[in-house]
file data-v9.txt (compact mmCIF, C-alpha atoms and all ligand atoms)
# COMPACT_ATOMS: atom_id res chain seq x y z
CA MET A 1 -31.88 -161.51 -62.64
CA ARG A 2 -34.39 -163.00 -65.03
CA VAL A 3 -35.36 -160.66 -67.83
CA GLY A 4 -38.04 -160.77 -70.49
CA ILE A 5 -38.01 -159.20 -73.94
CA ILE A 6 -41.20 -158.39 -75.78
CA GLY A 7 -40.27 -157.75 -79.41
CA ALA A 8 -37.12 -159.92 -79.43
CA THR A 9 -37.39 -160.51 -83.17
CA GLY A 10 -36.88 -156.81 -83.97
CA TYR A 11 -33.61 -154.89 -84.14
CA GLY A 12 -33.88 -153.45 -80.63
CA GLY A 13 -34.60 -156.97 -79.35
CA ALA A 14 -31.63 -158.43 -81.24
CA GLU A 15 -29.35 -155.84 -79.73
CA LEU A 16 -30.70 -156.61 -76.25
CA LEU A 17 -29.81 -160.27 -76.87
CA ARG A 18 -26.26 -159.31 -77.89
CA LEU A 19 -25.70 -157.08 -74.87
CA LEU A 20 -27.51 -159.13 -72.22
CA ASN A 21 -25.29 -162.09 -73.07
CA GLN A 22 -22.37 -160.04 -71.66
CA HIS A 23 -24.24 -159.09 -68.50
CA PRO A 24 -22.93 -160.86 -65.40
CA HIS A 25 -26.17 -160.40 -63.40
CA VAL A 26 -28.54 -161.74 -66.05
CA GLN A 27 -29.10 -165.46 -65.61
CA GLU A 28 -32.11 -166.01 -67.79
CA VAL A 29 -33.69 -164.31 -70.78
CA VAL A 30 -37.29 -165.14 -71.69
CA LEU A 31 -38.59 -164.06 -75.09
CA TYR A 32 -42.17 -163.04 -75.88
CA THR A 33 -43.86 -162.50 -79.22
CA SER A 34 -47.12 -161.22 -80.59
CA SER A 35 -46.92 -163.21 -83.82
CA LYS A 36 -44.40 -166.08 -83.70
CA GLU A 37 -45.33 -168.21 -80.71
CA GLY A 38 -43.42 -171.51 -80.63
CA MET A 39 -40.69 -170.36 -83.02
CA ASN A 40 -37.06 -170.71 -81.94
CA ILE A 41 -35.23 -167.37 -81.84
CA GLN A 42 -32.51 -168.90 -84.06
CA GLU A 43 -35.02 -169.15 -86.90
CA SER A 44 -35.40 -165.40 -86.79
CA TYR A 45 -31.75 -164.73 -85.94
CA PRO A 46 -29.27 -167.48 -86.93
CA HIS A 47 -26.47 -165.30 -85.56
CA VAL A 48 -27.50 -166.27 -82.01
CA SER A 49 -27.11 -170.03 -82.69
CA ASN A 50 -25.27 -171.82 -79.86
CA ILE A 51 -25.84 -168.72 -77.72
CA TYR A 52 -29.64 -168.49 -77.33
CA ASN A 53 -31.95 -171.45 -77.85
CA GLN A 54 -35.22 -169.99 -76.55
CA THR A 55 -38.64 -170.63 -78.00
CA LEU A 56 -40.79 -167.51 -78.30
CA LYS A 57 -43.74 -167.38 -75.92
CA SER A 58 -47.01 -165.53 -76.20
CA ILE A 59 -47.46 -162.40 -74.11
CA ASP A 60 -49.35 -163.34 -70.96
CA VAL A 61 -49.02 -161.21 -67.82
CA THR A 62 -49.73 -164.08 -65.42
CA SER A 63 -46.81 -166.09 -66.83
CA ILE A 64 -44.55 -163.06 -67.23
CA LYS A 65 -44.79 -162.17 -63.55
CA ASP A 66 -43.69 -165.68 -62.55
CA GLU A 67 -40.95 -165.94 -65.17
CA VAL A 68 -39.06 -162.64 -65.02
CA ASP A 69 -38.18 -159.66 -62.82
CA THR A 70 -37.79 -157.03 -65.53
CA VAL A 71 -39.39 -156.71 -68.95
CA PHE A 72 -37.92 -154.80 -71.89
CA LEU A 73 -40.48 -153.74 -74.48
CA ALA A 74 -38.76 -153.35 -77.86
CA THR A 75 -42.03 -152.87 -79.68
CA PRO A 76 -43.77 -150.38 -81.98
CA PRO A 77 -45.90 -147.51 -80.67
CA GLY A 78 -49.13 -148.63 -79.00
CA VAL A 79 -47.81 -151.86 -77.50
CA SER A 80 -46.37 -150.38 -74.32
CA ALA A 81 -49.54 -148.36 -73.79
CA GLU A 82 -51.38 -151.71 -73.73
CA TRP A 83 -48.97 -153.83 -71.66
CA SER A 84 -46.64 -151.75 -69.47
CA GLY A 85 -49.25 -150.87 -66.84
CA GLN A 86 -50.39 -154.47 -66.42
CA ILE A 87 -46.84 -155.82 -66.23
CA ALA A 88 -45.80 -153.20 -63.68
CA GLU A 89 -48.91 -153.86 -61.59
CA ALA A 90 -47.98 -157.54 -61.58
CA GLY A 91 -44.72 -156.52 -59.87
CA CYS A 92 -42.14 -156.45 -62.68
CA ARG A 93 -39.92 -153.52 -63.60
CA VAL A 94 -40.62 -152.27 -67.12
CA ILE A 95 -38.19 -150.64 -69.56
CA ASP A 96 -40.00 -149.38 -72.63
CA LEU A 97 -37.91 -148.63 -75.72
CA SER A 98 -40.82 -147.10 -77.62
CA GLY A 99 -42.08 -143.54 -77.56
CA ASP A 100 -45.40 -144.40 -75.85
CA LEU A 101 -44.57 -143.01 -72.41
CA ARG A 102 -42.08 -140.27 -73.25
CA LEU A 103 -44.43 -137.32 -73.81
CA GLN A 104 -46.08 -136.05 -70.65
CA ASN A 105 -49.02 -134.44 -72.42
CA PRO A 106 -51.29 -137.06 -74.09
CA GLU A 107 -52.60 -134.44 -76.54
CA VAL A 108 -49.08 -133.78 -77.75
CA TYR A 109 -48.54 -137.54 -78.19
CA GLU A 110 -51.76 -137.86 -80.18
CA LYS A 111 -50.82 -134.94 -82.42
CA TRP A 112 -47.33 -136.22 -83.29
CA TYR A 113 -47.85 -140.01 -83.18
CA LYS A 114 -51.32 -139.82 -84.75
CA ARG A 115 -52.67 -142.50 -82.41
CA GLU A 116 -54.33 -142.77 -79.02
CA ALA A 117 -52.08 -141.97 -76.08
CA ALA A 118 -51.41 -144.29 -73.14
CA PRO A 119 -53.46 -143.70 -69.95
CA LEU A 120 -52.24 -140.56 -68.17
CA ALA A 121 -51.59 -142.45 -64.92
CA LEU A 122 -49.20 -144.76 -66.78
CA ILE A 123 -47.43 -141.83 -68.46
CA ASN A 124 -47.06 -140.14 -65.07
CA ASP A 125 -45.55 -143.28 -63.53
CA ALA A 126 -42.87 -143.57 -66.21
CA VAL A 127 -39.48 -141.94 -65.67
CA TYR A 128 -37.52 -140.63 -68.66
CA GLY A 129 -34.43 -142.80 -68.88
CA LEU A 130 -31.61 -140.44 -69.83
CA PRO A 131 -29.19 -141.52 -67.08
CA GLU A 132 -26.65 -138.72 -67.46
CA TRP A 133 -29.30 -136.14 -66.53
CA ASN A 134 -31.98 -138.09 -64.68
CA ARG A 135 -30.11 -140.69 -62.64
CA GLU A 136 -31.74 -140.22 -59.25
CA SER A 137 -35.29 -140.55 -60.54
CA ILE A 138 -34.37 -143.58 -62.62
CA GLN A 139 -32.95 -145.39 -59.58
CA LYS A 140 -36.37 -145.23 -57.88
CA ALA A 141 -38.52 -145.98 -60.93
CA GLN A 142 -40.59 -149.02 -61.70
CA ILE A 143 -41.31 -147.99 -65.29
CA ILE A 144 -38.63 -146.47 -67.49
CA SER A 145 -39.39 -144.67 -70.70
CA ASN A 146 -36.20 -145.09 -72.71
CA PRO A 147 -35.40 -142.01 -74.81
CA GLY A 148 -35.59 -141.97 -78.59
CA CYS A 149 -32.38 -142.29 -80.59
CA TYR A 150 -32.32 -138.77 -82.03
CA PRO A 151 -33.29 -137.19 -78.68
CA THR A 152 -30.46 -139.07 -76.93
CA ALA A 153 -27.81 -137.67 -79.28
CA THR A 154 -29.40 -134.21 -79.28
CA LEU A 155 -30.09 -133.83 -75.56
CA LEU A 156 -26.62 -135.01 -74.53
CA GLY A 157 -25.20 -132.56 -77.07
CA LEU A 158 -27.28 -129.57 -75.94
CA ALA A 159 -27.61 -130.05 -72.18
CA PRO A 160 -24.52 -128.11 -71.01
CA LEU A 161 -25.44 -125.11 -73.21
CA VAL A 162 -29.13 -125.03 -72.27
CA LYS A 163 -28.67 -125.72 -68.56
CA ASN A 164 -26.04 -122.97 -68.34
CA LYS A 165 -28.17 -120.56 -70.43
CA LEU A 166 -25.34 -119.84 -72.85
CA ILE A 167 -27.36 -119.75 -76.06
CA ASP A 168 -30.26 -117.93 -77.62
CA VAL A 169 -32.73 -120.81 -77.33
CA ASP A 170 -34.79 -119.66 -80.33
CA SER A 171 -31.76 -120.23 -82.54
CA ILE A 172 -31.40 -124.01 -82.01
CA ILE A 173 -31.19 -126.03 -85.24
CA ILE A 174 -30.57 -129.77 -85.20
CA ASP A 175 -29.49 -131.42 -88.43
CA ALA A 176 -29.63 -135.16 -87.70
CA LYS A 177 -28.54 -138.14 -89.78
CA SER A 178 -29.37 -141.79 -89.10
CA GLY A 179 -28.54 -145.22 -90.44
CA THR A 180 -31.46 -147.33 -91.64
CA SER A 181 -31.56 -149.74 -88.67
CA GLY A 182 -33.37 -146.89 -86.89
CA ALA A 183 -36.42 -147.76 -88.95
CA GLY A 184 -36.61 -151.32 -87.57
CA ARG A 185 -36.44 -154.72 -89.27
CA SER A 186 -39.49 -154.61 -91.50
CA PRO A 187 -38.46 -153.54 -95.00
CA SER A 188 -40.17 -150.52 -96.49
CA ALA A 189 -40.14 -148.58 -99.74
CA ILE A 190 -38.14 -145.90 -97.94
CA THR A 191 -35.37 -148.07 -96.53
CA HIS A 192 -34.85 -151.05 -98.81
CA PHE A 193 -31.49 -151.40 -100.55
CA SER A 194 -32.22 -149.91 -103.94
CA GLU A 195 -33.92 -146.92 -102.33
CA MET A 196 -31.13 -146.23 -99.87
CA ASN A 197 -27.90 -147.33 -101.53
CA GLU A 198 -26.05 -144.36 -103.08
CA ASN A 199 -28.74 -142.11 -101.67
CA PHE A 200 -29.19 -139.53 -98.90
CA LYS A 201 -32.69 -138.43 -97.89
CA ILE A 202 -34.37 -135.89 -95.69
CA TYR A 203 -37.67 -137.12 -94.26
CA GLN A 204 -40.56 -136.06 -92.02
CA ILE A 205 -39.54 -132.41 -92.37
CA ASN A 206 -40.88 -130.41 -89.39
CA GLN A 207 -43.05 -133.43 -88.51
CA HIS A 208 -40.79 -135.94 -86.79
CA LYS A 209 -42.16 -137.34 -83.52
CA HIS A 210 -38.87 -136.68 -81.77
CA ILE A 211 -39.40 -132.89 -82.03
CA PRO A 212 -41.79 -132.69 -79.05
CA GLU A 213 -39.62 -135.12 -77.06
CA ILE A 214 -36.56 -132.88 -77.52
CA GLU A 215 -38.58 -129.72 -76.78
CA GLN A 216 -40.14 -131.20 -73.65
CA ASN A 217 -36.78 -132.04 -72.14
CA LEU A 218 -35.04 -128.81 -73.13
CA HIS A 219 -37.99 -126.90 -71.67
CA GLN A 220 -37.56 -128.72 -68.37
CA TRP A 221 -33.95 -127.54 -68.28
CA ASP A 222 -34.73 -123.97 -69.33
CA GLU A 223 -38.34 -122.89 -69.55
CA GLN A 224 -37.43 -120.29 -72.18
CA VAL A 225 -37.14 -123.14 -74.69
CA GLN A 226 -40.29 -123.39 -76.77
CA SER A 227 -39.67 -124.60 -80.34
CA ILE A 228 -36.64 -126.04 -82.04
CA THR A 229 -35.88 -126.85 -85.65
CA PHE A 230 -35.05 -130.54 -86.12
CA GLN A 231 -34.64 -132.26 -89.49
CA PRO A 232 -33.82 -135.98 -89.77
CA HIS A 233 -31.99 -137.57 -92.71
CA LEU A 234 -31.38 -141.15 -93.77
CA VAL A 235 -27.84 -142.11 -94.67
CA PRO A 236 -26.85 -145.28 -96.57
CA MET A 237 -25.35 -147.02 -93.55
CA VAL A 238 -26.85 -149.45 -91.07
CA ARG A 239 -25.97 -148.08 -87.63
CA GLY A 240 -25.20 -144.64 -86.34
CA ILE A 241 -26.60 -141.19 -85.71
CA MET A 242 -24.87 -137.87 -86.09
CA ALA A 243 -26.67 -134.81 -84.76
CA THR A 244 -25.03 -131.58 -85.86
CA ILE A 245 -26.47 -128.88 -83.64
CA TYR A 246 -26.22 -125.13 -84.27
CA ALA A 247 -27.09 -122.37 -81.82
CA LYS A 248 -26.22 -118.70 -81.39
CA ALA A 249 -24.16 -117.96 -78.28
CA ASN A 250 -25.59 -115.16 -76.12
CA GLN A 251 -22.09 -114.12 -75.03
CA GLN A 252 -18.51 -114.39 -76.25
CA ILE A 253 -17.09 -117.80 -75.38
CA SER A 254 -13.66 -119.15 -76.18
CA GLU A 255 -13.08 -122.64 -77.57
CA THR A 256 -11.34 -123.51 -74.32
CA GLU A 257 -14.21 -122.28 -72.15
CA LEU A 258 -16.69 -124.20 -74.27
CA ARG A 259 -14.73 -127.43 -74.03
CA ASP A 260 -14.14 -126.97 -70.28
CA LEU A 261 -17.90 -126.54 -69.79
CA TYR A 262 -18.60 -129.89 -71.47
CA LYS A 263 -15.72 -131.65 -69.76
CA GLU A 264 -17.01 -130.46 -66.39
CA ALA A 265 -20.65 -131.38 -67.20
CA TYR A 266 -19.65 -134.92 -68.17
CA ARG A 267 -16.67 -135.30 -65.80
CA ASN A 268 -18.12 -138.41 -64.15
CA GLU A 269 -19.95 -139.81 -67.17
CA TYR A 270 -18.32 -142.94 -68.48
CA PHE A 271 -20.38 -143.02 -71.67
CA VAL A 272 -19.93 -139.42 -72.81
CA ARG A 273 -16.59 -138.54 -74.39
CA ILE A 274 -15.63 -135.00 -75.35
CA ARG A 275 -13.24 -134.62 -78.27
CA PRO A 276 -10.20 -132.31 -77.93
CA GLU A 277 -10.03 -128.97 -79.76
CA GLY A 278 -10.16 -129.33 -83.54
CA ALA A 279 -11.35 -132.97 -83.42
CA TYR A 280 -14.87 -134.09 -84.30
CA PRO A 281 -16.43 -137.53 -83.84
CA ALA A 282 -17.56 -139.91 -86.58
CA THR A 283 -20.29 -142.53 -86.21
CA LYS A 284 -17.82 -145.38 -86.71
CA GLU A 285 -16.03 -144.30 -83.53
CA VAL A 286 -19.03 -145.37 -81.43
CA TYR A 287 -20.22 -148.29 -83.61
CA GLY A 288 -21.61 -151.16 -81.52
CA SER A 289 -20.95 -149.28 -78.26
CA ASN A 290 -22.85 -147.30 -75.65
CA TYR A 291 -20.75 -144.16 -76.06
CA CYS A 292 -21.92 -140.72 -77.07
CA ASP A 293 -19.01 -138.75 -78.51
CA ILE A 294 -19.21 -134.97 -78.73
CA GLY A 295 -17.17 -132.39 -80.65
CA LEU A 296 -17.53 -128.62 -80.29
CA THR A 297 -16.60 -125.36 -81.89
CA TYR A 298 -17.38 -121.65 -81.64
CA ASP A 299 -17.28 -119.48 -84.76
CA GLU A 300 -16.29 -115.95 -83.78
CA ARG A 301 -17.45 -114.60 -87.14
CA THR A 302 -21.08 -115.69 -86.71
CA GLY A 303 -21.27 -116.09 -82.93
CA ARG A 304 -22.58 -119.62 -83.46
CA ILE A 305 -21.68 -122.72 -81.52
CA THR A 306 -21.65 -126.04 -83.39
CA VAL A 307 -21.99 -129.29 -81.44
CA VAL A 308 -21.49 -132.65 -83.14
CA SER A 309 -22.93 -135.59 -81.21
CA VAL A 310 -22.70 -139.20 -82.39
CA ILE A 311 -24.18 -142.42 -81.03
CA ASP A 312 -24.97 -145.91 -82.22
CA ASN A 313 -28.76 -145.70 -82.57
CA VAL A 314 -29.37 -149.30 -81.49
CA VAL A 315 -27.00 -149.13 -78.50
CA LYS A 316 -26.93 -145.73 -76.72
CA GLY A 317 -30.00 -144.80 -78.79
CA ALA A 318 -32.00 -147.85 -77.65
CA SER A 319 -30.89 -151.18 -76.15
CA GLY A 320 -27.59 -150.11 -74.54
CA GLN A 321 -29.26 -147.19 -72.81
CA ALA A 322 -32.07 -149.55 -71.76
CA ILE A 323 -29.48 -151.78 -70.06
CA GLN A 324 -27.83 -148.72 -68.49
CA ASN A 325 -31.27 -147.98 -67.00
CA PHE A 326 -31.70 -151.64 -65.99
CA ASN A 327 -28.40 -151.37 -64.10
CA LEU A 328 -29.54 -148.22 -62.32
CA ILE A 329 -32.93 -149.55 -61.22
CA HIS A 330 -31.34 -152.72 -59.85
CA GLY A 331 -28.40 -151.03 -58.14
CA PHE A 332 -25.70 -152.52 -60.38
CA GLU A 333 -22.70 -150.51 -61.56
CA GLU A 334 -24.10 -148.38 -64.38
CA ASP A 335 -21.65 -149.66 -67.00
CA THR A 336 -22.19 -153.36 -66.21
CA GLY A 337 -22.25 -155.37 -69.44
CA LEU A 338 -21.75 -152.21 -71.49
CA THR A 339 -18.01 -151.65 -71.59
CA LEU A 340 -17.63 -152.98 -75.13
CA VAL A 341 -15.01 -151.17 -77.19
CA PRO A 342 -16.58 -149.74 -80.37
CA MET A 343 -16.06 -151.91 -83.47
CA TYR A 344 -13.41 -150.40 -85.74
CA PRO A 345 -12.95 -150.41 -88.67
N1 LIG A 401 -34.14 -149.36 -84.13
C1 LIG A 401 -33.69 -148.31 -83.46
O1 LIG A 401 -32.59 -147.80 -83.72
C2 LIG A 401 -34.50 -147.74 -82.34
C3 LIG A 401 -35.75 -148.16 -82.05
N2 LIG A 401 -36.46 -147.58 -81.02
C4 LIG A 401 -37.81 -148.01 -80.72
O2 LIG A 401 -37.78 -149.31 -80.19
C5 LIG A 401 -38.95 -150.02 -80.59
C6 LIG A 401 -38.54 -151.28 -81.34
O3 LIG A 401 -37.82 -150.89 -82.50
P1 LIG A 401 -37.17 -151.92 -83.52
O4 LIG A 401 -36.64 -153.08 -82.76
O5 LIG A 401 -36.29 -151.15 -84.39
O6 LIG A 401 -38.47 -152.38 -84.32
P2 LIG A 401 -38.69 -153.69 -85.20
O7 LIG A 401 -39.76 -153.34 -86.15
O8 LIG A 401 -37.40 -154.17 -85.72
O9 LIG A 401 -39.25 -154.77 -84.14
C7 LIG A 401 -40.39 -154.58 -83.39
C8 LIG A 401 -40.84 -155.90 -82.80
O10 LIG A 401 -42.06 -155.65 -82.09
C9 LIG A 401 -42.87 -156.81 -82.12
N3 LIG A 401 -44.28 -156.42 -82.26
C10 LIG A 401 -44.90 -155.92 -83.36
N4 LIG A 401 -46.20 -155.70 -83.11
C11 LIG A 401 -46.41 -156.09 -81.84
C12 LIG A 401 -47.56 -156.10 -81.00
N5 LIG A 401 -48.76 -155.69 -81.42
N6 LIG A 401 -47.41 -156.54 -79.72
C13 LIG A 401 -46.21 -156.96 -79.27
N7 LIG A 401 -45.09 -156.98 -80.03
C14 LIG A 401 -45.19 -156.53 -81.29
C15 LIG A 401 -42.43 -157.64 -83.32
O11 LIG A 401 -42.10 -158.92 -82.83
P3 LIG A 401 -43.17 -160.12 -82.84
O12 LIG A 401 -43.82 -160.11 -84.19
O13 LIG A 401 -42.32 -161.30 -82.59
O14 LIG A 401 -44.12 -159.81 -81.73
C16 LIG A 401 -41.19 -156.95 -83.85
O15 LIG A 401 -40.12 -157.83 -84.05
C17 LIG A 401 -39.76 -149.06 -81.46
O16 LIG A 401 -40.73 -148.40 -80.69
C18 LIG A 401 -38.71 -148.10 -81.95
O17 LIG A 401 -39.22 -146.88 -82.32
C19 LIG A 401 -35.91 -146.63 -80.23
C20 LIG A 401 -34.66 -146.17 -80.47
C21 LIG A 401 -33.87 -146.65 -81.59
C1 LIG A 402 -34.11 -144.04 -89.42
C2 LIG A 402 -35.47 -144.04 -88.77
O1 LIG A 402 -36.48 -144.29 -89.39
N1 LIG A 402 -35.50 -143.76 -87.47
C3 LIG A 402 -36.70 -143.75 -86.71
C4 LIG A 402 -36.37 -143.40 -85.28
C5 LIG A 402 -36.45 -144.59 -84.39
C6 LIG A 402 -36.79 -144.23 -82.99
O2 LIG A 402 -35.99 -144.00 -82.14
O3 LIG A 402 -38.10 -144.05 -82.78
P1 LIG A 402 -38.94 -144.13 -81.45
O4 LIG A 402 -39.13 -142.76 -80.99
O5 LIG A 402 -40.21 -144.75 -81.81
O6 LIG A 402 -38.22 -144.92 -80.44
C7 LIG A 402 -37.69 -142.72 -87.20
O7 LIG A 402 -37.29 -141.72 -87.77
O8 LIG A 402 -38.88 -142.88 -86.90

call {"tool": "encode", "arguments": {"input": "data-v9.txt", "output": "structure tokens", "more": "lines below"}}
Ligand SMILES: NC(=O)C1=CN([C@@H]2O[C@H](COP(=O)(O)OP(=O)(O)OC[C@H]3O[C@@H](n4cnc5c(N)ncnc54)[C@H](OP(=O)(O)O)[C@@H]3O)[C@@H](O)[C@H]2O)C=CC1
Ligand SMILES: CC(=O)N[C@@H](CCC(=O)OP(=O)(O)O)C(=O)O
result
Amino acid sequence: MRVGIIGATGYGGAELLRLLNQHPHVQEVVLYTSSKEGMNIQESYPHVSNIYNQTLKSIDVTSIKDEVDTVFLATPPGVSAEWSGQIAEAGCRVIDLSGDLRLQNPEVYEKWYKREAAPLALINDAVYGLPEWNRESIQKAQIISNPGCYPTATLLGLAPLVKNKLIDVDSIIIDAKSGTSGAGRSPSAITHFSEMNENFKIYQINQHKHIPEIEQNLHQWDEQVQSITFQPHLVPMVRGIMATIYAKANQQISETELRDLYKEAYRNEYFVRIRPEGAYPATKEVYGSNYCDIGLTYDERTGRITVVSVIDNVVKGASGQAIQNFNLIHGFEEDTGLTLVPMYP
């Protein structure tokens, strides 16, 4: 396969480069830019020296359709809305890492993203790329809307409870923590070293754009779900997300039953690992990998279930999941190029 990356100079793009280099069915990678035409990728990323030697090309649909079969968009909001439709119409598969096509209702997108939504026809054509719960639709899709990082950790953590109607859905609280690479490569007053080192911050309280994405998907699984509480935090680390999820059980459930439920739900899922009783995952245990690790407990005193879900935000939360979707749409084994062992320590 020949693949294109729009946004290769960003963090999602860099991670695509790292992972695609391991992919046995990817012969050629073509890189596109909105601002650095003619620059060699090694100038932006010396760590790919001797591995990638491509010059960045301008984004032009006529050339793209001749040069590649699939295009990954690792770009900020608004870019996919502009390009995905044209690229798909030209005959390429599109995998969009941004949030542009994730929300089915354009008014909801405009409220939370505070910008114009993509055309409705384009939104309707895009399939939400959470493979563990949407595999069959993904296999037939031409345009994939790759989930957000926080929604990936949260939805994988909540799915067995919500689908089996085991919790009071009004009681869901998601306390999420992310490393700073989630904010992309451009430095900002929020993420630069002296702001983040030795610091721990809550941000976008009750306003984060992943709230409607989580609600939309939970609602599809159980229409009783309306609103959730989700609060994101920045942690002084580069990679990793931990979503600690609390919900009130609507019946007595033993630790064993809870764990069996998750083990059964993810029995055939290579990338989801359920911790044994009394063990809880840490972000380092998935670092650099496409795994989502989940730990569980039920507190008999309060009747609350706690789910701890960790991912690497740039892998399972972005580029790794995008390649998992790439594998599905092209009929490759789903874990192709993604069986990297997490980096530890
Ligand atoms: N980082 C993460 O952990 C995750 C990121 N995402 C999403 O993935 C997308 C990319 O994120 P990330 O890589 O972190 O972001 P970065 O800011 O690191 O990179 C974005 C890249 O997009 C390109 N770009 C900027 N403006 C335009 C434009 N108008 N047209 C085309 N390309 C443009 C830039 O490259 P150039 O100037 O060369 O065009 C830039 O390098 C975002 O939508 C993000 O929300 C999703 C999940 C997790
Ligand atoms: C730490 C940090 O800043 N994280 C980003 C999430 C990145 C992401 O997944 O956003 P998309 O929905 O655009 O893909 C944020 O909170 O906006």

call {"tool": "atom_distance", "arguments": {"input": "data-v9.txt", "atom1": "CA of Ile144 (chain A)", "atom2": "CA of Tyr266 (chain A)"}}
result
22.2 Å

call {"tool": "residues_near_ligand", "arguments": {"input": "data-v9.txt", "ligand": "ligand LIG 402 (chain A)", "cutoff": "10 Å", "atoms": "all atoms listed in the file", "output": "PDB file with C-alpha atoms, in the coordinates of the input"}}
result
ATOM      1  CA  GLY A  12     -33.880-153.450 -80.630  1.00  0.00           C
ATOM      2  CA  ALA A  74     -38.760-153.350 -77.860  1.00  0.00           C
ATOM      3  CA  THR A  75     -42.030-152.870 -79.680  1.00  0.00           C
ATOM      4  CA  PRO A  76     -43.770-150.380 -81.980  1.00  0.00           C
ATOM      5  CA  PRO A  77     -45.900-147.510 -80.670  1.00  0.00           C
ATOM      6  CA  ASP A  96     -40.000-149.380 -72.630  1.00  0.00           C
ATOM      7  CA  LEU A  97     -37.910-148.630 -75.720  1.00  0.00           C
ATOM      8  CA  SER A  98     -40.820-147.100 -77.620  1.00  0.00           C
ATOM      9  CA  GLY A  99     -42.080-143.540 -77.560  1.00  0.00           C
ATOM     10  CA  ASP A 100     -45.400-144.400 -75.850  1.00  0.00           C
ATOM     11  CA  ARG A 102     -42.080-140.270 -73.250  1.00  0.00           C
ATOM     12  CA  TYR A 113     -47.850-140.010 -83.180  1.00  0.00           C
ATOM     13  CA  SER A 145     -39.390-144.670 -70.700  1.00  0.00           C
ATOM     14  CA  ASN A 146     -36.200-145.090 -72.710  1.00  0.00           C
ATOM     15  CA  PRO A 147     -35.400-142.010 -74.810  1.00  0.00           C
ATOM     16  CA  GLY A 148     -35.590-141.970 -78.590  1.00  0.00           C
ATOM     17  CA  CYS A 149     -32.380-142.290 -80.590  1.00  0.00           C
ATOM     18  CA  TYR A 150     -32.320-138.770 -82.030  1.00  0.00           C
ATOM     19  CA  PRO A 151     -33.290-137.190 -78.680  1.00  0.00           C
ATOM     20  CA  THR A 152     -30.460-139.070 -76.930  1.00  0.00           C
ATOM     21  CA  LYS A 177     -28.540-138.140 -89.780  1.00  0.00           C
ATOM     22  CA  SER A 178     -29.370-141.790 -89.100  1.00  0.00           C
ATOM     23  CA  GLY A 179     -28.540-145.220 -90.440  1.00  0.00           C
ATOM     24  CA  THR A 180     -31.460-147.330 -91.640  1.00  0.00           C
ATOM     25  CA  SER A 181     -31.560-149.740 -88.670  1.00  0.00           C
ATOM     26  CA  GLY A 182     -33.370-146.890 -86.890  1.00  0.00           C
ATOM     27  CA  ALA A 183     -36.420-147.760 -88.950  1.00  0.00           C
ATOM     28  CA  GLY A 184     -36.610-151.320 -87.570  1.00  0.00           C
ATOM     29  CA  ILE A 190     -38.140-145.900 -97.940  1.00  0.00           C
ATOM     30  CA  THR A 191     -35.370-148.070 -96.530  1.00  0.00           C
ATOM     31  CA  TYR A 203     -37.670-137.120 -94.260  1.00  0.00           C
ATOM     32  CA  GLN A 204     -40.560-136.060 -92.020  1.00  0.00           C
ATOM     33  CA  HIS A 208     -40.790-135.940 -86.790  1.00  0.00           C
ATOM     34  CA  LYS A 209     -42.160-137.340 -83.520  1.00  0.00           C
ATOM     35  CA  HIS A 210     -38.870-136.680 -81.770  1.00  0.00           C
ATOM     36  CA  ILE A 211     -39.400-132.890 -82.030  1.00  0.00           C
ATOM     37  CA  GLU A 213     -39.620-135.120 -77.060  1.00  0.00           C
ATOM     38  CA  GLN A 231     -34.640-132.260 -89.490  1.00  0.00           C
ATOM     39  CA  PRO A 232     -33.820-135.980 -89.770  1.00  0.00           C
ATOM     40  CA  HIS A 233     -31.990-137.570 -92.710  1.00  0.00           C
ATOM     41  CA  LEU A 234     -31.380-141.150 -93.770  1.00  0.00           C
ATOM     42  CA  VAL A 235     -27.840-142.110 -94.670  1.00  0.00           C
ATOM     43  CA  VAL A 238     -26.850-149.450 -91.070  1.00  0.00           C
ATOM     44  CA  ARG A 239     -25.970-148.080 -87.630  1.00  0.00           C
ATOM     45  CA  GLY A 240     -25.200-144.640 -86.340  1.00  0.00           C
ATOM     46  CA  ILE A 241     -26.600-141.190 -85.710  1.00  0.00           C
ATOM     47  CA  ASN A 313     -28.760-145.700 -82.570  1.00  0.00           C
ATOM     48  CA  VAL A 314     -29.370-149.300 -81.490  1.00  0.00           C
ATOM     49  CA  GLY A 317     -30.000-144.800 -78.790  1.00  0.00           C
ATOM     50  CA  ALA A 318     -32.000-147.850 -77.650  1.00  0.00           C
TER      51      ALA A 318
END

call {"tool": "residues_around", "arguments": {"input": "data-v9.txt", "residues": "region 293-307 of chain A", "least_positions_apart": "4", "cutoff": "9 Å", "atoms": "all atoms listed in the file", "output": "PyMOL selection string"}}
result
chain A and resi 153+156-158+167+243-255+258-259+262+271-283+285-286+311

call {"tool": "axis_aligned_box", "arguments": {"input": "data-v9.txt", "around": "ligand LIG 401 (chain A)", "padding_each_side": "6 Å", "output": "AutoDock Vina command-line options"}}
result
--center_x -40.7 --center_y -153.7 --center_z -82.7 --size_x 28.2 --size_y 27.1 --size_z 18.9

call {"tool": "residues_around", "arguments": {"input": "data-v9.txt", "residues": "Ile323 (chain A)", "least_positions_apart": "5", "cutoff": "8 Å", "atoms": "all atoms listed in the file", "output": "mmCIF file with C-alpha atoms, keeping the file's coordinate frame"}}
result
data_model
loop_
_atom_site.group_PDB
_atom_site.id
_atom_site.type_symbol
_atom_site.label_atom_id
_atom_site.label_comp_id
_atom_site.auth_asym_id
_atom_site.auth_seq_id
_atom_site.Cartn_x
_atom_site.Cartn_y
_atom_site.Cartn_z
ATOM 1 C CA LEU A 16 -30.700 -156.610 -76.250
ATOM 2 C CA LEU A 20 -27.510 -159.130 -72.220
ATOM 3 C CA LEU A 338 -21.750 -152.210 -71.490
#
